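Shown next: work.txt, containing compact mmCIF, C-alpha atoms.
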```
# COMPACT_ATOMS: atom_id res chain seq x y z
CA MET A 1 10.76 -5.78 25.63
CA CYS A 2 12.61 -6.57 22.42
CA PHE A 3 9.73 -8.74 21.28
CA GLY A 4 7.32 -5.82 21.54
CA THR A 5 9.60 -3.66 19.43
CA ILE A 6 10.20 -6.35 16.83
CA VAL A 7 6.54 -7.28 16.34
CA SER A 8 5.60 -3.60 16.29
CA ARG A 9 8.04 -3.04 13.43
CA LEU A 10 6.70 -6.12 11.66
CA ALA A 11 3.18 -4.68 12.00
CA GLU A 12 4.28 -1.49 10.24
CA GLU A 13 5.35 -3.49 7.19
CA ARG A 14 3.19 -6.62 7.27
CA ILE A 15 0.29 -6.25 9.68
CA GLU A 16 -1.23 -9.64 8.89
CA GLU A 17 1.95 -11.45 9.94
CA ALA A 18 1.91 -9.53 13.23
CA ARG A 19 -1.72 -10.56 13.72
CA VAL A 20 -0.72 -14.20 13.23
CA ILE A 21 1.75 -13.84 16.11
CA MET A 22 -0.94 -12.29 18.32
CA ARG A 23 -3.40 -15.09 17.47
CA ARG A 24 -0.80 -17.74 18.27
CA PHE A 25 -0.30 -16.25 21.74
CA LEU A 26 -4.06 -16.16 22.25
CA TRP A 27 -4.35 -19.76 21.08
CA SER A 28 -1.68 -20.85 23.56
CA LEU A 29 -3.91 -19.53 26.37
CA ASN A 30 -6.89 -21.53 25.10
CA ASP A 31 -7.59 -24.77 26.96
CA GLU A 32 -8.15 -26.52 23.64
CA SER A 33 -4.60 -25.74 22.47
CA GLY A 34 -3.21 -28.52 24.65
CA GLY A 35 -0.51 -26.26 25.99
CA ILE A 36 0.01 -23.69 28.68
CA GLY A 37 0.69 -20.17 27.50
CA TRP A 38 3.71 -19.39 29.65
CA GLY A 39 4.80 -15.87 28.76
CA ALA A 40 1.89 -15.28 26.39
CA PRO A 41 0.09 -12.54 28.40
CA GLU A 42 3.36 -10.69 28.96
CA SER A 43 4.24 -10.92 25.26
CA LEU A 44 0.81 -9.79 24.14
CA ALA A 45 0.98 -6.79 26.47
CA GLU A 46 4.49 -5.81 25.46
CA ILE A 47 3.53 -5.91 21.79
CA MET A 48 0.46 -3.79 22.51
CA CYS A 49 2.59 -1.27 24.43
CA HIS A 50 4.49 -0.60 21.22
CA CYS A 51 1.79 -0.98 18.56
CA GLY A 52 -1.43 1.02 18.70
CA GLN A 53 -3.04 -0.89 15.83
CA LEU A 54 -2.61 -4.26 17.56
CA ARG A 55 -3.65 -2.74 20.90
CA ARG A 56 -6.91 -1.54 19.37
CA GLU A 57 -7.55 -4.98 17.91
CA TYR A 58 -6.46 -7.24 20.79
CA LEU A 59 -6.64 -5.35 24.10
CA HIS A 60 -10.17 -6.55 24.76
CA MET A 61 -8.91 -10.13 24.45
CA LEU A 62 -6.16 -9.62 27.04
CA ILE A 63 -8.68 -8.03 29.39
CA SER A 64 -11.06 -10.96 28.87
CA TYR A 65 -8.57 -13.22 30.68
CA MET A 66 -9.48 -11.42 33.91
CA CYS A 67 -13.22 -12.01 33.42
CA GLU A 68 -15.38 -14.96 34.29
CA ASP A 69 -18.04 -15.98 31.78
CA GLY A 70 -21.39 -14.28 32.21
CA GLU A 71 -24.84 -15.45 31.30
CA GLU A 72 -25.17 -17.40 28.07
CA PHE A 73 -25.63 -14.30 25.92
CA PHE A 74 -22.79 -12.45 27.69
CA GLN A 75 -20.01 -15.01 27.66
CA ASP A 76 -17.07 -12.73 27.10
CA GLY A 77 -14.74 -14.03 29.80
CA ASN A 78 -11.72 -16.27 29.39
CA TYR A 79 -10.66 -16.30 33.05
CA LEU A 80 -7.17 -17.69 33.68
CA GLU A 81 -7.27 -19.95 36.72
CA LEU A 82 -3.57 -20.70 37.18
CA PRO A 83 -1.83 -18.17 39.45
CA MET A 84 1.34 -18.37 37.35
CA LEU A 85 -0.65 -17.26 34.29
CA GLN A 86 -2.45 -14.64 36.40
CA ARG A 87 0.95 -13.21 37.28
CA GLY A 88 1.74 -12.74 33.61
CA LEU A 89 -1.67 -11.28 32.91
CA LEU A 90 -1.45 -8.73 35.71
CA TRP A 91 2.12 -7.83 34.81
CA GLY A 92 0.87 -7.20 31.27
CA ILE A 93 -2.01 -5.05 32.53
CA GLY A 94 0.43 -3.07 34.66
CA ARG A 95 2.83 -2.64 31.76
CA LEU A 96 0.04 -1.32 29.56
CA CYS A 97 -1.04 1.02 32.38
CA GLN A 98 2.52 2.37 32.54
CA HIS A 99 2.46 3.32 28.87
CA HIS A 100 -1.23 3.92 28.16
CA ARG A 101 -2.84 4.82 31.50
CA ASP A 102 -5.73 6.87 30.12
CA GLU A 103 -6.62 4.27 27.53
CA MET A 104 -6.49 1.50 30.14
CA ALA A 105 -8.62 3.52 32.56
CA GLU A 106 -11.25 3.83 29.83
CA GLN A 107 -11.50 0.02 29.73
CA ASN A 108 -13.26 -0.07 33.14
CA ILE A 109 -10.94 -2.77 34.48
CA VAL A 110 -10.50 -1.48 38.03
CA GLU A 111 -12.88 -3.98 39.63
CA ASN A 112 -11.44 -6.85 37.60
CA VAL A 113 -7.94 -5.96 38.78
CA ALA A 114 -9.05 -5.32 42.37
CA ALA A 115 -10.52 -8.84 42.56
CA TYR A 116 -6.94 -10.16 42.50
CA LEU A 117 -6.16 -8.44 45.81
CA SER A 118 -7.74 -11.46 47.52
CA SER A 119 -5.47 -13.94 45.75
CA THR A 120 -3.59 -16.44 47.88
CA ASP A 121 -0.59 -15.86 45.60
CA SER A 122 1.32 -12.84 46.96
CA THR A 123 2.81 -12.02 43.58
CA VAL A 124 -0.65 -11.87 42.01
CA SER A 125 -1.82 -9.55 44.81
CA GLY A 126 1.30 -7.43 44.45
CA LEU A 127 0.86 -7.06 40.72
CA ALA A 128 -2.76 -6.05 41.32
CA LEU A 129 -1.54 -3.38 43.78
CA TRP A 130 0.95 -2.12 41.20
CA SER A 131 -1.67 -1.98 38.45
CA LEU A 132 -4.26 -0.24 40.64
CA GLY A 133 -1.71 2.40 41.54
CA LEU A 134 -0.87 2.95 37.90
CA LEU A 135 -4.60 3.25 37.16
CA GLN A 136 -4.91 5.73 40.05
CA ALA A 137 -7.98 3.74 41.11
CA LYS A 138 -9.12 5.81 44.13
CA SER A 139 -12.17 3.60 44.58
CA THR A 140 -9.90 0.78 45.74
CA ALA A 141 -7.97 2.71 48.42
CA GLN A 142 -9.77 0.98 51.32
CA ARG A 143 -8.99 -2.44 49.87
CA ILE A 144 -5.34 -1.48 49.35
CA ALA A 145 -4.79 -0.06 52.85
CA PRO A 146 -4.58 -3.47 54.62
CA PHE A 147 -1.48 -4.26 52.56
CA LEU A 148 0.49 -1.34 54.02
CA ASP A 149 1.93 -3.46 56.82
CA LYS A 150 2.69 -6.52 54.67
CA GLU A 151 6.37 -7.43 54.76
CA LYS A 152 6.12 -10.17 52.13
CA VAL A 153 8.68 -9.57 49.36
CA ILE A 154 7.87 -10.35 45.75
CA GLN A 155 9.78 -9.91 42.51
CA ILE A 156 8.48 -7.64 39.76
CA TYR A 157 10.11 -6.73 36.48
CA ARG A 158 9.55 -3.01 36.06
CA ASP A 159 11.55 -0.01 34.97
CA ASN A 160 13.83 -2.42 33.08
CA TYR A 161 14.89 -4.24 36.26
CA LEU A 162 13.83 -7.29 38.21
CA GLN A 163 13.02 -5.76 41.58
CA ASP A 164 12.43 -7.24 45.03
CA VAL A 165 9.65 -5.19 46.63
CA LYS A 166 7.49 -5.54 49.74
CA LEU A 167 3.75 -5.67 49.34
CA GLY A 168 3.58 -2.80 51.82
CA PHE A 169 5.77 -0.69 49.56
CA LEU A 170 3.54 -1.43 46.54
CA ALA A 171 0.46 -0.50 48.60
CA GLU A 172 2.07 2.75 49.73
CA GLU A 173 3.13 3.54 46.17
CA ALA A 174 -0.40 2.84 44.90
CA LEU A 175 -2.04 5.04 47.54
CA GLN A 176 0.41 7.88 46.83
CA ALA A 177 -0.44 7.68 43.11
CA MET A 178 -4.09 8.04 44.00
CA SER A 179 -3.67 11.22 46.07
```
Rewrite the structure from the file as structure tokens, please.
Amino acid sequence: MCFGTIVSRLAEERIEEARVIMRRFLWSLNDESGGIGWGAPESLAEIMCHCGQLRREYLHMLISYMCEDGEEFFQDGNYLELPMLQRGLLWGIGRLCQHHRDEMAEQNIVENVAAYLSSTDSTVSGLALWSLGLLQAKSTAQRIAPFLDKEKVIQIYRDNYLQDVKLGFLAEEALQAMS
């Protein structure tokens, strides 16, 4: 959270230096970088929560990490295959939905997020439930309902705390937000 505040302040004074930070995070998620971008999606999202200018410039890039490549002329996806990176991506999407729900809803990401409900990683599925609830994505209610009886506990950092929550609780919370 501090990082988002710090880079946001930097952007107010020296926007190009803030853009360099954003590009470095994006580069770390690129296969060609030779590294793995642990923490990069979360950092990108937290910065964008605090800085509208950088959100306008880079939100589409964060969203692209949920998308597979399309046909040759529509290759806009940068799908992250590793579940650990998907966790960070979905946490970032959820965090942005907490602070900028209407703007995130305008991005038409509901189906991209809902695709993660079928993940074999419970934390990825749970973060998708959380994000869909924040988006108030009524179209996904039938896909969320099967999670209501799930007792699996996952950890999510939200509301300034690391919380242990059951998938069933996240599903219930999401469905309540939709009604």
Query raised in the report: At what distance in Å, to one decimal, does CA of Asp164 in chain A lie from CA of Leu89 in chain A?
Result: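 Value for the CA of Leu89 in chain A-CA of Asp164 in chain A distance: 19.0 Å.
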Requested in this report: Fewer than 2 positions away in the same chain doesn't count, so skip those; otherwise give me all residues within 7 Å of range 35-40 of chain A, counting only C-alpha atoms, as a ChimeraX atom specification.
Outcome: /A:25,28-29,33,42-44,85,88
For the residues in that selection, give me C-alpha atoms as a PDB file, in the frame of the given file.
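Listed below is the output, out_7.pdb:
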```
ATOM      1  CA  PHE A  25      -0.300 -16.250  21.740  1.00  0.00           C
ATOM      2  CA  SER A  28      -1.680 -20.850  23.560  1.00  0.00           C
ATOM      3  CA  LEU A  29      -3.910 -19.530  26.370  1.00  0.00           C
ATOM      4  CA  SER A  33      -4.600 -25.740  22.470  1.00  0.00           C
ATOM      5  CA  GLU A  42       3.360 -10.690  28.960  1.00  0.00           C
ATOM      6  CA  SER A  43       4.240 -10.920  25.260  1.00  0.00           C
ATOM      7  CA  LEU A  44       0.810  -9.790  24.140  1.00  0.00           C
ATOM      8  CA  LEU A  85      -0.650 -17.260  34.290  1.00  0.00           C
ATOM      9  CA  GLY A  88       1.740 -12.740  33.610  1.00  0.00           C
TER      10      GLY A  88
END
```
Report task. Go through A:Ala145, A:Ala18, A:Met84, A:Leu10 one by one, measure the shortest atom-to-atom distance of each to Glu57 in chain A using all atoms listed in the file, and give the residue with the smallest value. Result ->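 Closest to Glu57 in chain A, using all atoms listed in the file: A:Ala18.
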Report summary line: note - CA of Ser122 in chain A and CA of Arg24 in chain A are separated by 29.2 Å
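Counting all atoms listed in the file and comparing A:Arg158, A:Lys152, A:Arg95, A:Arg55, the residue that lies closest to Ala171 in chain A is A:Lys152.
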Requested in this report: Between CA of Leu54 in chain A and CA of Arg87 in chain A, measure the distance and give it in Å to one decimal.
Outcome: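 That distance, rounded to one decimal, is 21.9 Å.
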Query raised in the report: Of the candidates A:Tyr58, A:Glu172, A:His50, A:Tyr79, which one gets nearest to Val20 in chain A if we count only C-alpha atoms?
Result: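 Among the listed residues, A:Tyr58 lies closest to Val20 in chain A.
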Requested in this report: Fewer than 5 positions away in the same chain doesn't count, so skip those; otherwise give me all residues within 9 Å of range 112-116 of chain A, counting all atoms listed in the file, as a VMD selection string.
Outcome: chain A and resid 63 66 to 67 86 90 93 124 to 129 131 to 132 140 143 to 144
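Comparing the minimum interatomic distances between Gln53 in chain A and each of A:Arg19, A:Asp102, A:Glu81, A:Lys138, counting all atoms listed in the file, we find that A:Arg19 sits nearest.
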Query - Selected residue of minimal separation from Ile47 in chain A among A:Lys150, A:Arg9, A:Arg101, A:Lys166, counting only C-alpha atoms - result: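 Checking each candidate against Ile47 in chain A, we get A:Arg9 as the closest.
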Query - Residue among A:Gln136, A:Gln176, A:Asn78, A:Gln155 lying closest to Leu26 in chain A, counting all atoms listed in the file - result: A:Asn78
What are the centre and edge lengths in Å, to one decimal, of the axis-aligned box around all listed atoms of range 115-121 of chain A with 3 Å added on each side, as AutoDock Vina command-line options?
```
--center_x -5.6 --center_y -12.4 --center_z 45.2 --size_x 15.9 --size_y 14.0 --size_z 11.4
```
**Report entry** Nearby residues (only C-alpha atoms) at most 9 Å from Leu135 in chain A, same-chain spacing under 5 positions excluded, as a ChimeraX atom specification
**Finding:** /A:94,97-98,101-102,104-105,110,130,174,177-178
